[in-house]
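Enquirer: If it helps, the file is called upload_25.txt and holds compact mmCIF, N, CA and C atoms:
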```
# COMPACT_ATOMS: atom_id res chain seq x y z
N MET F 97 8.35 -6.01 143.39
CA MET F 97 6.95 -6.27 143.66
C MET F 97 6.29 -6.62 142.34
N PHE F 98 5.64 -7.76 142.29
CA PHE F 98 4.98 -8.21 141.07
C PHE F 98 3.49 -7.90 141.16
N ARG F 99 3.01 -7.17 140.17
CA ARG F 99 1.59 -6.84 140.08
C ARG F 99 1.08 -7.28 138.72
N ASN F 100 -0.24 -7.32 138.58
CA ASN F 100 -0.84 -7.68 137.29
C ASN F 100 -0.42 -6.72 136.19
N GLU F 101 -0.27 -5.44 136.52
CA GLU F 101 0.05 -4.44 135.51
C GLU F 101 1.55 -4.33 135.23
N GLY F 102 2.39 -5.05 135.96
CA GLY F 102 3.83 -5.02 135.73
C GLY F 102 4.61 -5.11 137.03
N ASN F 103 5.92 -4.92 136.92
CA ASN F 103 6.79 -5.01 138.08
C ASN F 103 7.14 -3.63 138.60
N LEU F 104 7.20 -3.52 139.91
CA LEU F 104 7.60 -2.29 140.57
C LEU F 104 8.74 -2.67 141.51
N TYR F 105 9.81 -1.94 141.44
CA TYR F 105 10.98 -2.21 142.27
C TYR F 105 11.03 -1.19 143.41
N ILE F 106 11.62 -1.60 144.51
CA ILE F 106 11.80 -0.68 145.64
C ILE F 106 13.27 -0.74 146.03
N ASP F 107 13.97 0.39 145.85
CA ASP F 107 15.37 0.49 146.25
C ASP F 107 15.42 1.04 147.66
N VAL F 108 16.29 0.46 148.48
CA VAL F 108 16.45 0.91 149.86
C VAL F 108 17.82 1.57 149.98
N TYR F 109 17.81 2.79 150.49
CA TYR F 109 19.04 3.55 150.69
C TYR F 109 19.26 3.77 152.19
N GLU F 110 20.50 3.64 152.61
CA GLU F 110 20.87 3.86 154.00
C GLU F 110 21.86 5.01 154.08
N ALA F 111 21.58 5.98 154.94
CA ALA F 111 22.51 7.09 155.14
C ALA F 111 23.63 6.60 156.05
N VAL F 112 24.85 6.78 155.60
CA VAL F 112 25.99 6.30 156.40
C VAL F 112 26.82 7.46 156.96
N LEU F 113 26.60 8.66 156.47
CA LEU F 113 27.32 9.83 156.97
C LEU F 113 26.34 10.91 157.38
N GLY F 114 26.76 11.74 158.30
CA GLY F 114 25.94 12.86 158.73
C GLY F 114 24.79 12.45 159.62
N LYS F 115 23.87 13.40 159.80
CA LYS F 115 22.70 13.17 160.64
C LYS F 115 21.43 13.51 159.86
N PRO F 116 21.05 12.64 158.90
CA PRO F 116 19.85 12.91 158.11
C PRO F 116 18.59 12.71 158.96
N PRO F 117 17.47 13.29 158.53
CA PRO F 117 16.22 13.13 159.29
C PRO F 117 15.75 11.68 159.35
N HIS F 118 16.12 10.87 158.34
CA HIS F 118 15.74 9.46 158.30
C HIS F 118 16.96 8.64 157.91
N LYS F 119 17.20 7.57 158.65
CA LYS F 119 18.37 6.73 158.36
C LYS F 119 18.18 5.94 157.07
N PHE F 120 16.95 5.50 156.81
CA PHE F 120 16.66 4.70 155.63
C PHE F 120 15.58 5.35 154.78
N ILE F 121 15.69 5.16 153.46
CA ILE F 121 14.67 5.64 152.52
C ILE F 121 14.39 4.54 151.52
N ALA F 122 13.11 4.26 151.26
CA ALA F 122 12.70 3.29 150.25
C ALA F 122 12.12 4.06 149.07
N VAL F 123 12.63 3.77 147.87
CA VAL F 123 12.23 4.52 146.68
C VAL F 123 11.63 3.57 145.64
N PRO F 124 10.31 3.65 145.41
CA PRO F 124 9.69 2.83 144.35
C PRO F 124 10.17 3.31 142.98
N ASN F 125 10.38 2.36 142.05
CA ASN F 125 10.85 2.73 140.73
C ASN F 125 10.53 1.64 139.72
N VAL F 126 10.71 1.99 138.45
CA VAL F 126 10.58 1.03 137.35
C VAL F 126 11.89 0.98 136.58
N LEU F 127 12.98 0.88 137.31
CA LEU F 127 14.35 0.80 136.82
C LEU F 127 14.88 2.10 136.24
N LEU F 128 14.18 2.69 135.29
CA LEU F 128 14.71 3.90 134.65
C LEU F 128 14.16 5.18 135.24
N LYS F 129 13.17 5.08 136.07
CA LYS F 129 12.55 6.29 136.62
C LYS F 129 12.05 6.01 138.03
N GLU F 130 12.29 6.96 138.92
CA GLU F 130 11.84 6.84 140.31
C GLU F 130 10.50 7.53 140.50
N SER F 131 9.82 7.14 141.58
CA SER F 131 8.54 7.76 141.90
C SER F 131 8.77 9.16 142.49
N GLU F 132 7.68 9.87 142.67
CA GLU F 132 7.73 11.14 143.37
C GLU F 132 7.99 10.87 144.85
N GLU F 133 8.49 11.86 145.56
CA GLU F 133 8.83 11.70 146.97
C GLU F 133 7.64 11.32 147.84
N THR F 134 6.43 11.63 147.39
CA THR F 134 5.25 11.30 148.20
C THR F 134 5.10 9.80 148.42
N PHE F 135 5.72 8.98 147.55
CA PHE F 135 5.62 7.53 147.68
C PHE F 135 6.85 6.92 148.36
N PHE F 136 7.83 7.75 148.73
CA PHE F 136 9.02 7.24 149.42
C PHE F 136 8.63 6.75 150.81
N GLY F 137 9.25 5.67 151.24
CA GLY F 137 9.09 5.21 152.61
C GLY F 137 10.30 5.67 153.40
N VAL F 138 10.08 6.09 154.63
CA VAL F 138 11.19 6.55 155.46
C VAL F 138 11.10 5.89 156.83
N GLY F 139 12.26 5.81 157.50
CA GLY F 139 12.26 5.24 158.83
C GLY F 139 13.65 5.09 159.39
N ILE F 140 13.71 4.69 160.64
CA ILE F 140 15.01 4.48 161.29
C ILE F 140 15.42 3.01 161.24
N GLN F 141 14.51 2.16 160.77
CA GLN F 141 14.80 0.73 160.58
C GLN F 141 14.26 0.31 159.22
N ARG F 142 14.88 -0.73 158.63
CA ARG F 142 14.46 -1.20 157.29
C ARG F 142 13.00 -1.64 157.28
N LYS F 143 12.60 -2.40 158.28
CA LYS F 143 11.23 -2.90 158.31
C LYS F 143 10.23 -1.73 158.35
N MET F 144 10.57 -0.72 159.12
CA MET F 144 9.70 0.44 159.27
C MET F 144 9.54 1.18 157.93
N LEU F 145 10.64 1.38 157.21
CA LEU F 145 10.54 2.14 155.97
C LEU F 145 9.83 1.35 154.88
N LEU F 146 10.03 0.04 154.82
CA LEU F 146 9.31 -0.75 153.83
C LEU F 146 7.81 -0.76 154.11
N THR F 147 7.44 -0.87 155.37
CA THR F 147 6.03 -0.81 155.74
C THR F 147 5.43 0.54 155.35
N ASP F 148 6.17 1.61 155.61
CA ASP F 148 5.72 2.96 155.26
C ASP F 148 5.53 3.09 153.74
N CYS F 149 6.48 2.60 152.98
CA CYS F 149 6.40 2.67 151.52
C CYS F 149 5.24 1.84 150.99
N LEU F 150 5.10 0.62 151.48
CA LEU F 150 4.03 -0.27 151.02
C LEU F 150 2.65 0.29 151.33
N LYS F 151 2.49 0.95 152.47
CA LYS F 151 1.21 1.59 152.80
C LYS F 151 0.87 2.68 151.78
N LYS F 152 1.89 3.42 151.36
CA LYS F 152 1.67 4.54 150.44
C LYS F 152 1.34 4.08 149.02
N ILE F 153 1.84 2.92 148.61
CA ILE F 153 1.63 2.47 147.23
C ILE F 153 0.61 1.35 147.11
N ARG F 154 0.06 0.92 148.20
CA ARG F 154 -0.80 -0.27 148.25
C ARG F 154 -1.90 -0.32 147.19
N ALA F 155 -2.72 0.67 147.11
CA ALA F 155 -3.86 0.64 146.19
C ALA F 155 -3.67 1.59 145.01
N VAL F 156 -2.43 2.00 144.76
CA VAL F 156 -2.16 2.96 143.70
C VAL F 156 -1.58 2.22 142.49
N PRO F 157 -2.14 2.46 141.30
CA PRO F 157 -1.59 1.82 140.09
C PRO F 157 -0.14 2.25 139.84
N ILE F 158 0.64 1.36 139.26
CA ILE F 158 2.06 1.64 138.99
C ILE F 158 2.22 2.91 138.16
N GLU F 159 1.36 3.12 137.17
CA GLU F 159 1.47 4.30 136.30
C GLU F 159 1.31 5.60 137.08
N GLU F 160 0.58 5.57 138.20
CA GLU F 160 0.45 6.76 139.05
C GLU F 160 1.66 6.91 139.97
N ILE F 161 2.22 5.80 140.40
CA ILE F 161 3.39 5.84 141.28
C ILE F 161 4.61 6.35 140.51
N VAL F 162 4.82 5.76 139.34
CA VAL F 162 5.96 6.14 138.48
C VAL F 162 5.44 6.36 137.07
N PRO F 163 5.00 7.59 136.75
CA PRO F 163 4.50 7.85 135.40
C PRO F 163 5.62 7.69 134.37
N THR F 164 5.36 6.91 133.33
CA THR F 164 6.37 6.70 132.29
C THR F 164 5.91 7.21 130.93
N ASN F 165 4.71 7.78 130.86
CA ASN F 165 4.20 8.24 129.57
C ASN F 165 5.00 9.41 129.01
N ASP F 166 5.79 10.10 129.84
CA ASP F 166 6.59 11.21 129.34
C ASP F 166 7.92 10.76 128.75
N LEU F 167 8.25 9.49 128.89
CA LEU F 167 9.48 8.96 128.31
C LEU F 167 9.17 8.25 127.01
N GLU F 168 9.81 8.66 125.94
CA GLU F 168 9.62 8.00 124.66
C GLU F 168 10.58 6.85 124.53
N GLY F 169 10.32 5.94 123.60
CA GLY F 169 11.16 4.77 123.42
C GLY F 169 12.63 5.09 123.26
N SER F 170 12.95 6.07 122.43
CA SER F 170 14.35 6.39 122.21
C SER F 170 14.99 6.95 123.48
N GLU F 171 14.23 7.71 124.24
CA GLU F 171 14.74 8.26 125.50
C GLU F 171 14.98 7.14 126.51
N LEU F 172 14.07 6.18 126.55
CA LEU F 172 14.25 5.02 127.43
C LEU F 172 15.52 4.26 127.07
N GLU F 173 15.75 4.07 125.79
CA GLU F 173 16.95 3.36 125.35
C GLU F 173 18.21 4.12 125.74
N LYS F 174 18.21 5.42 125.56
CA LYS F 174 19.37 6.22 125.93
C LYS F 174 19.66 6.12 127.42
N GLN F 175 18.60 6.22 128.23
CA GLN F 175 18.78 6.13 129.68
C GLN F 175 19.27 4.75 130.09
N ALA F 176 18.74 3.71 129.47
CA ALA F 176 19.16 2.35 129.81
C ALA F 176 20.64 2.15 129.50
N ILE F 177 21.07 2.62 128.35
CA ILE F 177 22.48 2.48 127.97
C ILE F 177 23.38 3.27 128.91
N GLU F 178 22.98 4.50 129.24
CA GLU F 178 23.78 5.31 130.15
C GLU F 178 23.86 4.67 131.53
N ASN F 179 22.73 4.12 132.01
CA ASN F 179 22.73 3.45 133.32
C ASN F 179 23.65 2.23 133.30
N LEU F 180 23.61 1.46 132.24
CA LEU F 180 24.49 0.30 132.13
C LEU F 180 25.95 0.72 132.13
N LYS F 181 26.26 1.79 131.44
CA LYS F 181 27.64 2.27 131.41
C LYS F 181 28.10 2.73 132.78
N LYS F 182 27.22 3.44 133.50
CA LYS F 182 27.57 3.91 134.84
C LYS F 182 27.82 2.72 135.77
N ILE F 183 26.94 1.74 135.70
CA ILE F 183 27.06 0.56 136.56
C ILE F 183 28.34 -0.21 136.25
N SER F 184 28.66 -0.29 135.00
CA SER F 184 29.78 -1.13 134.59
C SER F 184 31.12 -0.40 134.55
N ARG F 185 31.18 0.83 135.01
CA ARG F 185 32.45 1.57 134.99
C ARG F 185 33.52 0.86 135.81
N LYS F 186 33.10 0.12 136.81
CA LYS F 186 34.08 -0.59 137.64
C LYS F 186 34.72 -1.73 136.87
N SER F 187 34.03 -2.25 135.88
CA SER F 187 34.61 -3.32 135.07
C SER F 187 34.51 -2.95 133.59
N PRO F 188 35.39 -2.08 133.11
CA PRO F 188 35.31 -1.61 131.73
C PRO F 188 35.47 -2.73 130.70
N SER F 189 36.00 -3.86 131.11
CA SER F 189 36.18 -4.95 130.15
C SER F 189 34.85 -5.50 129.64
N MET F 190 33.76 -5.24 130.36
CA MET F 190 32.45 -5.73 129.92
C MET F 190 32.11 -5.22 128.52
N TRP F 191 32.50 -3.98 128.21
CA TRP F 191 32.19 -3.40 126.92
C TRP F 191 33.12 -3.94 125.83
N LYS F 192 34.12 -4.73 126.20
CA LYS F 192 35.04 -5.31 125.24
C LYS F 192 34.79 -6.80 125.04
N LEU F 193 33.67 -7.30 125.49
CA LEU F 193 33.37 -8.73 125.40
C LEU F 193 33.48 -9.27 123.98
N PRO F 194 32.95 -8.58 122.97
CA PRO F 194 33.10 -9.13 121.62
C PRO F 194 34.56 -9.37 121.25
N LYS F 195 35.45 -8.50 121.69
CA LYS F 195 36.87 -8.67 121.40
C LYS F 195 37.44 -9.85 122.18
N LEU F 196 36.98 -10.02 123.41
CA LEU F 196 37.48 -11.11 124.24
C LEU F 196 37.08 -12.47 123.69
N PHE F 197 35.90 -12.55 123.12
CA PHE F 197 35.37 -13.83 122.68
C PHE F 197 35.41 -14.01 121.16
N SER F 198 36.11 -13.14 120.46
CA SER F 198 36.17 -13.30 119.02
C SER F 198 37.00 -14.53 118.68
N LYS F 199 36.66 -15.15 117.58
CA LYS F 199 37.37 -16.35 117.18
C LYS F 199 38.77 -15.99 116.71
N SER F 200 39.69 -16.74 117.16
CA SER F 200 41.05 -16.54 116.65
C SER F 200 41.50 -17.83 116.00
N ARG F 201 42.36 -17.69 115.05
CA ARG F 201 42.82 -18.87 114.33
C ARG F 201 43.88 -19.58 115.15
N ARG F 202 43.77 -20.87 115.18
CA ARG F 202 44.78 -21.67 115.86
C ARG F 202 46.03 -21.72 114.99
N LYS F 203 47.13 -21.98 115.58
CA LYS F 203 48.39 -22.05 114.84
C LYS F 203 48.34 -23.09 113.74
N SER F 204 47.63 -24.20 113.98
CA SER F 204 47.54 -25.27 112.98
C SER F 204 46.63 -24.90 111.81
N ASP F 205 45.75 -23.86 112.00
CA ASP F 205 44.84 -23.44 110.93
C ASP F 205 45.51 -22.53 109.92
N LYS F 206 46.67 -22.01 110.24
CA LYS F 206 47.31 -21.02 109.36
C LYS F 206 47.90 -21.62 108.13
```
Please lay out the structure from this file as structure tokens.

Expert:
Amino acid sequence: MFRNEGNLYIDVYEAVLGKPPHKFIAVPNVLLKESEETFFGVGIQRKMLLTDCLKKIRAVPIEEIVPTNDLEGSELEKQAIENLKKISRKSPSMWKLPKLFSKSRRKSDK
């Protein structure tokens, strides 16, 4: 969601096991931090939960939905790096890119 004060993301989660009270949950966030549960959208269908979430955040500033003033720059950097590592665990070669693309001498250059 694009607003004048910045971007707000909404992640949609679907319960696939068990019998939760709500099949879908929409969670507003700013990538590194999620909102409080009061702004979560819930429902048995995707359209329903997004409507519920949008109603809750409609006239509320992003800083109230997801307060970020308690995170300092260094803490944000640490969380971003950890999140990237978690996401990329399936492809560990991503962290070896400099090695993959380093220049090597051709046989004729020796």

Enquirer: So, counting all atoms listed in the file, which residue among F:Phe120, F:Gly139, F:Asn125, F:Lys151 is closest to Ile106 of chain F?

Expert: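 For Ile106 of chain F, the nearest of the candidates is F:Asn125.
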
Enquirer: What does the distance from atom C of Gly137 of chain F to atom CA of Ala176 of chain F come to in Å, to one decimal?

Expert: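 Spanning atom C of Gly137 of chain F to atom CA of Ala176 of chain F is a straight-line distance of 25.4 Å.
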
Enquirer: With a distance cut-off of 8 Å and only N, CA and C atoms, select the neighbouring residues of Gln141 of chain F, excluding the residue or stretch itself and same-chain residues fewer than 5 positions from it, and output the selection as a PDB file with N, CA and C atoms, in the frame of the given file.

Expert:
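Output below, filename result16.pdb:
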```pdb
ATOM      1  N   HIS F 118      16.120  10.870 158.340  1.00  0.00           N
ATOM      2  CA  HIS F 118      15.740   9.460 158.300  1.00  0.00           C
ATOM      3  C   HIS F 118      16.960   8.640 157.910  1.00  0.00           C
ATOM      4  N   LYS F 119      17.200   7.570 158.650  1.00  0.00           N
ATOM      5  CA  LYS F 119      18.370   6.730 158.360  1.00  0.00           C
ATOM      6  C   LYS F 119      18.180   5.940 157.070  1.00  0.00           C
ATOM      7  N   PHE F 120      16.950   5.500 156.810  1.00  0.00           N
ATOM      8  CA  PHE F 120      16.660   4.700 155.630  1.00  0.00           C
ATOM      9  C   PHE F 120      15.580   5.350 154.780  1.00  0.00           C
ATOM     10  N   ILE F 121      15.690   5.160 153.460  1.00  0.00           N
ATOM     11  CA  ILE F 121      14.670   5.640 152.520  1.00  0.00           C
ATOM     12  C   ILE F 121      14.390   4.540 151.520  1.00  0.00           C
ATOM     13  N   LEU F 146      10.030   0.040 154.820  1.00  0.00           N
ATOM     14  CA  LEU F 146       9.310  -0.750 153.830  1.00  0.00           C
ATOM     15  C   LEU F 146       7.810  -0.760 154.110  1.00  0.00           C
ATOM     16  N   THR F 147       7.440  -0.870 155.370  1.00  0.00           N
ATOM     17  CA  THR F 147       6.030  -0.810 155.740  1.00  0.00           C
ATOM     18  C   THR F 147       5.430   0.540 155.350  1.00  0.00           C
TER      19      THR F 147
END
```

Enquirer: To one decimal place, how far is atom CA of Ala111 of chain F from atom CA of Glu178 of chain F in Å?

Expert: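 According to the coordinates, atom CA of Ala111 of chain F and atom CA of Glu178 of chain F are separated by 25.1 Å.
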
Enquirer: Just the number, please: distance in Å from atom CA of Leu145 of chain F to atom C of Gln175 of chain F, one decimal.

Expert: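 Atom-to-atom, atom CA of Leu145 of chain F to atom C of Gln175 of chain F, that is 27.4 Å.
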
Enquirer: May I ask which of the residues F:Gly114, F:Tyr105, F:Asp148, F:Asn100 is the closest one to Phe135 of chain F, counting only N, CA and C atoms?

Expert: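 Among F:Gly114, F:Tyr105, F:Asp148, F:Asn100, it is F:Asp148 that comes nearest to Phe135 of chain F.
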
Enquirer: Would you mind listing what lies within 8 Å of Ile161 of chain F as a PyMOL selection string, with all atoms listed in the file counted and same-chain residues fewer than 6 positions away left out?

Expert: chain F and resi 124-126+129-132+135+153
